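Read the structure below first, then the notes.
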Amino acid sequence: MKLDVVLGLQWGDEGKGKIVDVLAGQYPAVARFQGGPNAGHSLHFEGKSFVLRSIPSGIFRKDAINIVGNGVVLDPITFKGECENIAKTGVPVKDRIVIAKKAHLILPTHRLLDAANEAAMGKGKIGSTLKGIGPTYTDKISRNGLRVGDILAPDFRDRFNRLKERHIRQLAQLGYECDPEAEEAAFMDAVEFIKGFTLVDCEYFVNETLKTKSILAEGAQGSMLDVDYGSYPFVTSSSTICAGACTGLGVSPSQIGHVYGIFKAYCTRVGSGPFPTELFDETGEKLRRLGNEFGAVTGRPRRCGWLDLVALKYTVMLNGVTDLIMMKSDCLDSFGTIKVCTSYKVDGKETDRVPFDTYTEIEPVYTEFKGWNADLTWCRKESELPEEFKEYIRFMEEYLGVPIRIISIGPDRDATIMR
């Protein structure tokens, strides 16, 4: 069997949670392979809404096992609260979730370091969600981190204290005043909660599962936030592209099957960093309002702009996308003219490539389309879509060289057209 991957192709917030929830019915297992509680995946079904931060989006599917992979950084406090909220709906979370022993733990002091580092950067700040993600990955790479499997060690408290003391020294160097022990009791309580789950050697568990079952791997954030290939340094701290599924779950590249790339019919971004098609006018405000573009975790208003096909083609290439999924098409229903960026002007020269330099001034070159001025939310079959919208789809498929298989026209499960 194969590991199919769902990931975002823009700067995150593409709507991965809904699509994983829709697709999860076809998969016996769903896995998160990177990221942490800075990623909020929104699900809407049966009149209910949920935001999942660390738990895979297959949790509401009765027969699906949900894997928190070794590439994930896990905040025990957040995870415990999330599980308890879901359990209130009758979902047996401990029966449906397994956690990789090699996943790294986010300590309360990691969050303090995140805030201290961001404050020290002043105007050059990245726009961190302050969830401790970056400092946790930093400890992972510098070989100082704590992993989920460490909580089973008899000297776990000593290991925790050593890392905490390291963080306290770093906080002192940054001149950041705080109480490093404020959430320690809650952290230890949450650690005991995690011991009630099945903790696995993820690489063995996933490969054994693939012998008889297919797995859907769920990416967090978006490809343009990848630590290697995104708009560095305004990126996250993990590999958000398809290759990250291999290292984040312990599978070989030959195990990858379909790669579902998700994008919005327009673009959004949270935090700092380049955004060539960003709109600062009434159109941008309209997109934010119609798309309810506010962070699922932070509540921050998202920056909005027209669709950027240059960046999208770049991430399609990076991920080897086999199937495209377009979200929030209905948010463009009332626009008379719709613009799509098809090339950039950089230093006066036109290009169809994403430049190396994050700080380069980029002028988008647009192709314009006549809007469809129709309510797509009532459509349930491709034949019901207006011709202007179909033309928009055909243009994108030709430009990107990949078919658009799924069109989302609303937040609910049933507001989905399979092509």
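Each chain in the structure tokens gets a letter, A, B and so on, in the order shown; residues start at 1 in every chain, and ligands are counted from 1 in the order they appear.
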Problem set entry | Long-range neighbours of segment 214-221 of chain A as a ChimeraX atom specification, 6 Å cut-off, only C-alpha atoms, 6 positions minimum in chain | /A:1-7,12,27,29-32,35,39
Residues of segment 23-138 of chain A at most 10 Å from segment 237-253 of chain A: nearest atom pair and distance in Å, only C-alpha atoms, as a tab-separated table:
```
residue	atom	partner	partner_atom	distance
A:Ala31	CA	A:Leu249	CA	8.1
A:Arg32	CA	A:Gly248	CA	8.2
A:Phe33	CA	A:Gly248	CA	4.5
A:Gln34	CA	A:Gly248	CA	5.9
A:Gly35	CA	A:Ser238	CA	6.4
A:Gly36	CA	A:Ser238	CA	9.5
A:Ile67	CA	A:Leu249	CA	9.0
A:Val68	CA	A:Leu249	CA	8.8
A:Gly69	CA	A:Leu249	CA	5.3
A:Asn70	CA	A:Gly248	CA	5.4
A:Gly71	CA	A:Gly248	CA	3.9
A:Val72	CA	A:Gly248	CA	7.2
A:Val73	CA	A:Ser238	CA	9.6
A:Ala100	CA	A:Leu249	CA	8.7
A:Lys102	CA	A:Gly248	CA	9.8
A:Ala103	CA	A:Gly248	CA	9.0
A:Ile133	CA	A:Ser237	CA	7.1
A:Gly134	CA	A:Ser237	CA	5.5
A:Pro135	CA	A:Ser237	CA	8.9
A:Thr136	CA	A:Ser237	CA	9.0
A:Tyr137	CA	A:Ser237	CA	6.4
A:Thr138	CA	A:Ser237	CA	8.2
```
Would you put the residues from that selection into a file with N, CA and C atoms, as an mmCIF file, in the first residue's frame?
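Final output, saved to out-v3.cif:
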```
data_model
loop_
_atom_site.group_PDB
_atom_site.id
_atom_site.type_symbol
_atom_site.label_atom_id
_atom_site.label_comp_id
_atom_site.auth_asym_id
_atom_site.auth_seq_id
_atom_site.Cartn_x
_atom_site.Cartn_y
_atom_site.Cartn_z
ATOM 1 N N ALA A 31 -1.941 10.506 9.350
ATOM 2 C CA ALA A 31 -0.738 10.825 10.117
ATOM 3 C C ALA A 31 -0.341 12.287 9.951
ATOM 4 N N ARG A 32 0.082 12.904 11.045
ATOM 5 C CA ARG A 32 0.734 14.223 11.003
ATOM 6 C C ARG A 32 2.243 13.975 10.977
ATOM 7 N N PHE A 33 2.972 14.645 10.064
ATOM 8 C CA PHE A 33 4.388 14.341 9.929
ATOM 9 C C PHE A 33 5.328 15.484 10.312
ATOM 10 N N GLN A 34 4.804 16.683 10.591
ATOM 11 C CA GLN A 34 5.671 17.787 11.013
ATOM 12 C C GLN A 34 4.820 18.883 11.625
ATOM 13 N N GLY A 35 5.501 19.921 12.130
ATOM 14 C CA GLY A 35 4.794 21.059 12.703
ATOM 15 C C GLY A 35 4.349 20.804 14.130
ATOM 16 N N GLY A 36 3.633 21.777 14.653
ATOM 17 C CA GLY A 36 3.157 21.682 16.027
ATOM 18 C C GLY A 36 1.870 22.447 16.203
ATOM 19 N N ILE A 67 -1.975 9.013 13.656
ATOM 20 C CA ILE A 67 -0.572 8.896 14.044
ATOM 21 C C ILE A 67 0.043 10.286 14.189
ATOM 22 N N VAL A 68 0.575 10.571 15.369
ATOM 23 C CA VAL A 68 1.362 11.789 15.573
ATOM 24 C C VAL A 68 2.810 11.398 15.326
ATOM 25 N N GLY A 69 3.364 11.794 14.181
ATOM 26 C CA GLY A 69 4.663 11.313 13.732
ATOM 27 C C GLY A 69 5.852 11.913 14.442
ATOM 28 N N ASN A 70 7.018 11.335 14.181
ATOM 29 C CA ASN A 70 8.227 11.780 14.867
ATOM 30 C C ASN A 70 8.697 13.161 14.422
ATOM 31 N N GLY A 71 8.219 13.650 13.281
ATOM 32 C CA GLY A 71 8.591 14.979 12.832
ATOM 33 C C GLY A 71 7.802 16.084 13.508
ATOM 34 N N VAL A 72 6.791 15.715 14.276
ATOM 35 C CA VAL A 72 5.946 16.677 14.987
ATOM 36 C C VAL A 72 6.641 17.125 16.272
ATOM 37 N N VAL A 73 6.413 18.377 16.666
ATOM 38 C CA VAL A 73 6.803 18.815 18.013
ATOM 39 C C VAL A 73 5.509 18.961 18.819
ATOM 40 N N ALA A 100 4.384 9.005 18.236
ATOM 41 C CA ALA A 100 5.769 8.575 18.007
ATOM 42 C C ALA A 100 6.639 8.907 19.210
ATOM 43 N N LYS A 102 9.713 9.313 19.121
ATOM 44 C CA LYS A 102 10.784 10.229 18.698
ATOM 45 C C LYS A 102 10.285 11.647 18.434
ATOM 46 N N ALA A 103 8.999 11.909 18.610
ATOM 47 C CA ALA A 103 8.495 13.285 18.490
ATOM 48 C C ALA A 103 9.053 14.114 19.647
ATOM 49 N N ILE A 133 7.588 26.642 18.829
ATOM 50 C CA ILE A 133 7.962 25.712 17.752
ATOM 51 C C ILE A 133 9.442 25.854 17.384
ATOM 52 N N GLY A 134 9.858 27.101 17.057
ATOM 53 C CA GLY A 134 11.234 27.319 16.639
ATOM 54 C C GLY A 134 12.258 26.882 17.665
ATOM 55 N N PRO A 135 12.127 27.317 18.940
ATOM 56 C CA PRO A 135 13.100 26.877 19.945
ATOM 57 C C PRO A 135 13.129 25.358 20.146
ATOM 58 N N THR A 136 11.987 24.695 19.969
ATOM 59 C CA THR A 136 11.966 23.232 20.128
ATOM 60 C C THR A 136 12.736 22.562 18.997
ATOM 61 N N TYR A 137 12.499 23.013 17.767
ATOM 62 C CA TYR A 137 13.269 22.465 16.643
ATOM 63 C C TYR A 137 14.746 22.820 16.764
ATOM 64 N N THR A 138 15.058 23.994 17.324
ATOM 65 C CA THR A 138 16.450 24.375 17.550
ATOM 66 C C THR A 138 17.122 23.388 18.493
#
```
Exercise. Smallest atom-to-atom distance to Trp378 of chain A: which of A:Lys349, A:Val354, A:Phe79, A:Ile417, using only C-alpha atoms?
Worked result: A:Ile417
Would you give me, as a Markdown table, each residue of segment 141-173 of chain A having an atom within 8 Å of an atom of segment 190-208 of chain A, along with its shortest atom pair and that distance in Å to one decimal, using only C-alpha atoms and sorting by chain and residue number?
```
| residue | atom | partner | partner_atom | distance |
| --- | --- | --- | --- | --- |
| A:Gly149 | CA | A:Leu199 | CA | 7.4 |
| A:Ile151 | CA | A:Val191 | CA | 7.0 |
| A:Leu152 | CA | A:Lys195 | CA | 7.8 |
```
Please produce an output containing N, CA and C atoms for each residue in the selection, written as a short mmCIF file (atom, residue, chain, number, x, y, z; two decimals), in the first residue's frame.
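Result file is result-v7.cif:
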```cif
data_model
loop_
_atom_site.label_atom_id
_atom_site.label_comp_id
_atom_site.auth_asym_id
_atom_site.auth_seq_id
_atom_site.Cartn_x
_atom_site.Cartn_y
_atom_site.Cartn_z
N GLY A 149 9.39 9.69 24.05
CA GLY A 149 9.86 8.45 24.68
C GLY A 149 10.61 8.69 25.98
N ILE A 151 9.72 10.45 28.40
CA ILE A 151 8.84 10.54 29.57
C ILE A 151 8.73 9.21 30.31
N LEU A 152 9.13 8.12 29.64
CA LEU A 152 9.09 6.79 30.26
C LEU A 152 10.35 6.50 31.06
#
```
For this session: Write out as an NGL selection string the residues lying within 9 Å of segment 82-95 of chain A, counting only C-alpha atoms and excluding same-chain residues fewer than 3 positions away.
Result: :A and (50-55 or 59-60 or 62 or 65 or 77-79 or 98 or 196-198)
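A straight line drawn from atom CA of Leu279 of chain A to atom CA of Gly305 of chain A is 4.9 Å long.
DSSP annotation of segment 153-232 of chain A from backbone atoms: strand (DSSP E or B) residues are Thr198, Leu199, Val200, Ile215, Leu216, Ala217 and Glu218 of chain A.
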Problem set entry | Residue contacts of Gly8 of chain A (6 Å, only C-alpha atoms) excluding same-chain residues fewer than 3 positions away, as a list in words | Gly12, Glu14, Gly222, Ser223, Gly261 and Ile262 of chain A
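We find atom CA of Ile407 of chain A and atom CA of Leu307 of chain A to be spaced 15.3 Å apart.
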For this session: Any chance you could list, as a VMD selection string, the residues in segment 111-270 of chain A that come up helix (DSSP H, G or I) when DSSP is run on the backbone?
Result: chain A and resid 111 to 124 133 to 141 148 to 152 156 to 173 184 to 194 202 to 210 223 to 225 243 to 249 253 to 255
If you keep C-alpha atoms, can you produce a file of those selected residues as a short mmCIF file (atom, residue, chain, number, x, y, z; two decimals), in the first residue's frame?
```
data_model
loop_
_atom_site.label_atom_id
_atom_site.label_comp_id
_atom_site.auth_asym_id
_atom_site.auth_seq_id
_atom_site.Cartn_x
_atom_site.Cartn_y
_atom_site.Cartn_z
CA ARG A 111 7.39 29.20 24.57
CA LEU A 112 9.13 31.77 26.73
CA LEU A 113 12.21 31.57 24.50
CA ASP A 114 10.01 32.04 21.44
CA ALA A 115 8.60 35.26 22.89
CA ALA A 116 12.04 36.45 24.02
CA ASN A 117 13.63 35.83 20.63
CA GLU A 118 10.79 37.58 18.82
CA ALA A 119 10.98 40.59 21.14
CA ALA A 120 14.74 40.82 20.63
CA MET A 121 14.30 41.02 16.84
CA GLY A 122 12.22 44.20 17.05
CA LYS A 123 11.04 45.37 13.63
CA GLY A 124 12.76 42.41 11.97
CA ILE A 133 7.96 25.71 17.75
CA GLY A 134 11.23 27.32 16.64
CA PRO A 135 13.10 26.88 19.95
CA THR A 136 11.97 23.23 20.13
CA TYR A 137 13.27 22.47 16.64
CA THR A 138 16.45 24.38 17.55
CA ASP A 139 16.99 22.06 20.52
CA LYS A 140 16.26 19.08 18.28
CA ILE A 141 18.91 20.08 15.74
CA VAL A 148 8.09 11.75 23.93
CA GLY A 149 9.86 8.45 24.68
CA ASP A 150 11.92 10.19 27.37
CA ILE A 151 8.84 10.54 29.57
CA LEU A 152 9.09 6.79 30.26
CA PHE A 156 12.87 12.12 33.13
CA ARG A 157 12.54 14.85 35.75
CA ASP A 158 16.34 15.26 35.80
CA ARG A 159 16.45 15.48 32.01
CA PHE A 160 13.66 18.05 32.09
CA ASN A 161 15.46 20.15 34.71
CA ARG A 162 18.72 20.15 32.75
CA LEU A 163 16.97 21.47 29.65
CA LYS A 164 14.98 23.99 31.68
CA GLU A 165 18.17 25.33 33.26
CA ARG A 166 19.69 25.69 29.81
CA HIS A 167 16.65 27.72 28.75
CA ILE A 168 16.81 29.89 31.88
CA ARG A 169 20.40 30.83 31.00
CA GLN A 170 19.33 31.73 27.47
CA LEU A 171 16.42 33.83 28.74
CA ALA A 172 18.77 35.69 31.08
CA GLN A 173 21.12 36.45 28.18
CA GLU A 184 5.63 23.37 35.09
CA ALA A 185 2.95 21.63 37.17
CA ALA A 186 0.51 21.69 34.26
CA PHE A 187 3.25 20.32 31.97
CA MET A 188 3.99 17.38 34.28
CA ASP A 189 0.29 16.64 34.63
CA ALA A 190 -0.03 16.60 30.84
CA VAL A 191 2.99 14.29 30.58
CA GLU A 192 1.18 11.79 32.82
CA PHE A 193 -1.85 12.13 30.53
CA ILE A 194 0.27 11.27 27.48
CA CYS A 202 6.86 5.43 14.37
CA GLU A 203 9.09 4.16 11.58
CA TYR A 204 8.25 0.54 12.37
CA PHE A 205 4.58 1.23 13.06
CA VAL A 206 4.04 3.14 9.80
CA ASN A 207 5.89 0.64 7.60
CA GLU A 208 4.07 -2.32 9.19
CA THR A 209 0.76 -0.53 8.66
CA LEU A 210 1.59 0.10 4.98
CA SER A 223 5.06 24.81 1.17
CA MET A 224 6.08 28.47 0.94
CA LEU A 225 6.90 28.26 4.66
CA ALA A 243 9.90 15.14 1.33
CA GLY A 244 9.15 15.99 4.96
CA ALA A 245 6.62 13.16 5.07
CA CYS A 246 9.45 10.67 4.53
CA THR A 247 11.64 11.99 7.35
CA GLY A 248 8.67 12.88 9.55
CA LEU A 249 7.22 9.37 9.49
CA PRO A 253 10.34 7.97 -1.07
CA SER A 254 9.22 4.89 -3.00
CA GLN A 255 6.30 4.56 -0.57
#
```
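Our summary of the geometry notes that atom CA of Arg405 of chain A is positioned 8.3 Å from atom CA of Met326 of chain A.
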